[in-house]
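Undergrad: Supplied in structure tokens, the structure appears directly below.
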Amino acid sequence: MNFDEIIKNRRSARAFTEKDVSEEQVKKILDSGIKAPSARNRQPWKFYILNEEQKTHIMNMLFEWDKLNPKEKTSVKGTAQQIKTANKMIMIYSDNYSSKSKNKNYKKPDYISLGCAIENMSLQAIDLGLGSCILCDTLYIEDEINEYLGIKNFEQICGFIIGTPIYNYPPKIKKNLKELLLN
Ligand SMILES: Cc1cc2nc3c(=O)[nH]c(=O)nc-3n(C[C@H](O)[C@H](O)[C@H](O)COP(=O)(O)O)c2cc1C
């Protein structure tokens, strides 16, 4: 696939076939993630590759949270449903970099770096004929997930699911560049 096709075909995949995503494919996706640019080359990313049992447990925790919080009107239930059919799931963390700087924005560059890595991962998945979806809804149960996985010193950024999409999702409507230009 050429670059334009990869950009055009990247869609958040919502449901997946039962086809296995191999360990090599997961490794290739992560290898592309960690080649991303990062502020001061800090490479703040950390990854936890979930096994099937852990993936299912986190999915159930999300379903449970949704049941207990019906008034919140979130997309948590939909996210849990997506996890159900996903073949692999990775939790993405930021390292615990802290700064003595008084600049209140000192963490922002790391978040941008993480976004760069995650987008590389999404695009690599497309090139492998796979699909993926970034899941920030895991943050509703951030503490519970971290406790379950025994993660203490890292900041949870999102979940990332991978699989073979059940069909080719059509391109989503995006804003026109004209409305986005500030000058
Ligand atoms: C930071 C971020 C967090 C997201 N979190 C979720 C999520 O928790 N659940 C979900 O179903 N989709 C999530 N998405 C996917 C978005 O819904 C999706 O990117 C958006 O609707 C645009 O669709 P597209 O990616 O197919 O172009 C997230 C995307 C981003 C970039």
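Just so we're on the same page: first chain in the structure tokens is A, next is B, and so on; residues restart at 1 for each chain, and ligands are numbered from 1 in the order they show up.
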Residues of segment 41-140 of chain A within 8 Å of segment 10-32 of chain A: nearest atom pair and distance (Å, one decimal) for each, counting only C-alpha atoms, sorted by chain and number, as JSON lines?
TA:
{"residue": "A:Gln82", "atom": "CA", "partner": "A:Arg14", "partner_atom": "CA", "distance": 5.5}
{"residue": "A:Thr85", "atom": "CA", "partner": "A:Phe16", "partner_atom": "CA", "distance": 5.3}
{"residue": "A:Ala86", "atom": "CA", "partner": "A:Phe16", "partner_atom": "CA", "distance": 5.7}
{"residue": "A:Asn87", "atom": "CA", "partner": "A:Asp20", "partner_atom": "CA", "distance": 6.2}
{"residue": "A:Lys88", "atom": "CA", "partner": "A:Val21", "partner_atom": "CA", "distance": 6.8}
{"residue": "A:Ala117", "atom": "CA", "partner": "A:Ser32", "partner_atom": "CA", "distance": 7.5}
{"residue": "A:Asn120", "atom": "CA", "partner": "A:Ser32", "partner_atom": "CA", "distance": 5.8}
{"residue": "A:Met121", "atom": "CA", "partner": "A:Ile29", "partner_atom": "CA", "distance": 5.0}
{"residue": "A:Ser122", "atom": "CA", "partner": "A:Arg10", "partner_atom": "CA", "distance": 7.3}
{"residue": "A:Leu123", "atom": "CA", "partner": "A:Arg10", "partner_atom": "CA", "distance": 6.6}
{"residue": "A:Gln124", "atom": "CA", "partner": "A:Ile29", "partner_atom": "CA", "distance": 5.6}
{"residue": "A:Ala125", "atom": "CA", "partner": "A:Ile29", "partner_atom": "CA", "distance": 6.2}
{"residue": "A:Ile126", "atom": "CA", "partner": "A:Arg10", "partner_atom": "CA", "distance": 6.3}
{"residue": "A:Leu128", "atom": "CA", "partner": "A:Gln25", "partner_atom": "CA", "distance": 7.5}
{"residue": "A:Gly131", "atom": "CA", "partner": "A:Ala13", "partner_atom": "CA", "distance": 5.5}
{"residue": "A:Ser132", "atom": "CA", "partner": "A:Ala13", "partner_atom": "CA", "distance": 5.4}
{"residue": "A:Cys133", "atom": "CA", "partner": "A:Ser12", "partner_atom": "CA", "distance": 4.7}
{"residue": "A:Ile134", "atom": "CA", "partner": "A:Ser12", "partner_atom": "CA", "distance": 7.4}
Undergrad: Counting only C-alpha atoms and all ligand atoms, which protein, DNA or RNA residues come within 10 Å of ligand 1, given as a ChimeraX atom specification?
TA: /A:7-14,74-83,115,118-119,122,132-140,157-160,169-174
Undergrad: Produce a file of the selected residues containing C-alpha atoms, as a PDB file, in the first residue's frame.
TA:
ATOM      1  CA  ILE A   7      -3.693   7.395   5.312  1.00  0.00           C
ATOM      2  CA  LYS A   8      -6.983   7.023   3.436  1.00  0.00           C
ATOM      3  CA  ASN A   9      -7.657   3.491   4.699  1.00  0.00           C
ATOM      4  CA  ARG A  10      -6.938   4.177   8.359  1.00  0.00           C
ATOM      5  CA  ARG A  11     -10.209   3.928  10.217  1.00  0.00           C
ATOM      6  CA  SER A  12     -10.967   3.036  13.786  1.00  0.00           C
ATOM      7  CA  ALA A  13     -12.039  -0.587  13.475  1.00  0.00           C
ATOM      8  CA  ARG A  14     -15.066  -1.472  15.576  1.00  0.00           C
ATOM      9  CA  THR A  74     -20.426   7.364  27.897  1.00  0.00           C
ATOM     10  CA  SER A  75     -19.222   5.149  25.068  1.00  0.00           C
ATOM     11  CA  VAL A  76     -17.818   2.638  27.583  1.00  0.00           C
ATOM     12  CA  LYS A  77     -20.266  -0.145  26.653  1.00  0.00           C
ATOM     13  CA  GLY A  78     -19.450   0.226  22.947  1.00  0.00           C
ATOM     14  CA  THR A  79     -15.763   0.161  23.773  1.00  0.00           C
ATOM     15  CA  ALA A  80     -16.183  -3.038  25.803  1.00  0.00           C
ATOM     16  CA  GLN A  81     -18.038  -4.591  22.852  1.00  0.00           C
ATOM     17  CA  GLN A  82     -15.139  -3.707  20.561  1.00  0.00           C
ATOM     18  CA  ILE A  83     -12.676  -5.364  22.931  1.00  0.00           C
ATOM     19  CA  GLY A 115       0.187  10.369  20.163  1.00  0.00           C
ATOM     20  CA  ILE A 118       0.141   5.533  18.665  1.00  0.00           C
ATOM     21  CA  GLU A 119      -0.538   6.913  15.188  1.00  0.00           C
ATOM     22  CA  SER A 122      -2.352   2.546  13.735  1.00  0.00           C
ATOM     23  CA  SER A 132      -6.984  -1.062  15.199  1.00  0.00           C
ATOM     24  CA  CYS A 133      -8.719   1.314  17.551  1.00  0.00           C
ATOM     25  CA  ILE A 134      -7.401   3.614  20.263  1.00  0.00           C
ATOM     26  CA  LEU A 135      -9.457   3.277  23.455  1.00  0.00           C
ATOM     27  CA  CYS A 136      -9.350   6.085  26.009  1.00  0.00           C
ATOM     28  CA  ASP A 137     -12.529   4.762  27.658  1.00  0.00           C
ATOM     29  CA  THR A 138     -10.241   2.481  29.666  1.00  0.00           C
ATOM     30  CA  LEU A 139      -9.408   5.630  31.647  1.00  0.00           C
ATOM     31  CA  TYR A 140     -12.839   5.438  33.322  1.00  0.00           C
ATOM     32  CA  ILE A 157      -2.762   6.739  28.320  1.00  0.00           C
ATOM     33  CA  CYS A 158      -5.118   4.351  26.508  1.00  0.00           C
ATOM     34  CA  GLY A 159      -5.860   0.837  25.326  1.00  0.00           C
ATOM     35  CA  PHE A 160      -5.122  -0.221  21.747  1.00  0.00           C
ATOM     36  CA  TYR A 169     -14.975   0.695   6.821  1.00  0.00           C
ATOM     37  CA  PRO A 170     -15.823   3.588   4.470  1.00  0.00           C
ATOM     38  CA  PRO A 171     -13.929   6.833   5.100  1.00  0.00           C
ATOM     39  CA  LYS A 172     -15.387   8.926   7.917  1.00  0.00           C
ATOM     40  CA  ILE A 173     -16.502  12.451   7.148  1.00  0.00           C
ATOM     41  CA  LYS A 174     -13.734  14.822   8.180  1.00  0.00           C
TER      42      LYS A 174
END
Undergrad: To one decimal place, how far is atom CA of Asn60 of chain A from atom CA of Lys84 of chain A in Å?
TA: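 Spanning atom CA of Asn60 of chain A to atom CA of Lys84 of chain A is a straight-line distance of 9.2 Å.
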Undergrad: When DSSP works through the backbone of this structure, what residues of chain A end up as helix (DSSP H, G or I), shown as a ChimeraX atom specification?
TA: /A:3-9,23-33,39-41,52-68,70-72,76-85,108-127,136-149,177-180
Undergrad: List the neighbours of Pro109 of chain A out to 8 Å using only C-alpha atoms; skip same-chain residues closer than 4 positions along the sequence, and give me the result as a list of chain:residue names.
TA: A:Ser38, A:Ala39, A:Asn105, A:Ser113
Undergrad: Give the answer as one residue: which of A:Leu130, A:Leu50, A:Ile34, A:Met61 has the shortest atom-to-atom distance to Ile6 of chain A, using only C-alpha atoms?
TA: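 That would be A:Leu130, the residue with the smallest distance to Ile6 of chain A.
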Undergrad: Atom CA of Tyr106 of chain A to atom CA of Asp143 of chain A: how many Å, to one decimal?
TA: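 Straight-line distance from atom CA of Tyr106 of chain A to atom CA of Asp143 of chain A works out to 23.2 Å.
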Undergrad: So that I can check the secondary structure, give me every residue of segment 37-68 of chain A assigned strand (DSSP E or B) by backbone DSSP, as an MDAnalysis selection string.
TA: chainID A and resid 45:49
Undergrad: As an exercise, work out the distance from atom CA of Glu144 of chain A to atom CA of Gln156 of chain A in Å and give it to one decimal place.
TA: 11.2 Å
Undergrad: So that I can see what lies close to Asn96 of chain A, please list as a ChimeraX atom specification the residues with an atom at most 12 Å from it, counting only C-alpha atoms and leaving out residues fewer than 2 positions away in the same chain.
TA: /A:42-46,93-94,98-99,107,110-111,151-157
Undergrad: Please produce a file of those selected residues containing C-alpha atoms, as a PDB file, in the first residue's frame.
TA:
ATOM      1  CA  ARG A  42      12.600  10.949  25.808  1.00  0.00           C
ATOM      2  CA  GLN A  43      10.592   8.091  24.282  1.00  0.00           C
ATOM      3  CA  PRO A  44       8.126   8.165  27.164  1.00  0.00           C
ATOM      4  CA  TRP A  45       6.123   5.116  26.041  1.00  0.00           C
ATOM      5  CA  LYS A  46       5.599   1.839  27.861  1.00  0.00           C
ATOM      6  CA  TYR A  93       1.459   4.013  29.415  1.00  0.00           C
ATOM      7  CA  SER A  94       3.596   7.077  29.815  1.00  0.00           C
ATOM      8  CA  SER A  98       8.646  14.630  36.212  1.00  0.00           C
ATOM      9  CA  SER A  99      10.279  17.998  35.942  1.00  0.00           C
ATOM     10  CA  LYS A 107       3.966  17.041  30.444  1.00  0.00           C
ATOM     11  CA  ASP A 110       5.225  13.706  26.272  1.00  0.00           C
ATOM     12  CA  TYR A 111       1.522  13.360  25.485  1.00  0.00           C
ATOM     13  CA  ILE A 151       1.159  -1.142  37.305  1.00  0.00           C
ATOM     14  CA  LYS A 152       2.178   1.422  39.888  1.00  0.00           C
ATOM     15  CA  ASN A 153       4.546   3.988  38.474  1.00  0.00           C
ATOM     16  CA  PHE A 154       3.261   4.703  35.001  1.00  0.00           C
ATOM     17  CA  GLU A 155       0.458   6.906  33.751  1.00  0.00           C
ATOM     18  CA  GLN A 156      -2.210   5.141  31.730  1.00  0.00           C
ATOM     19  CA  ILE A 157      -2.762   6.739  28.320  1.00  0.00           C
TER      20      ILE A 157
END
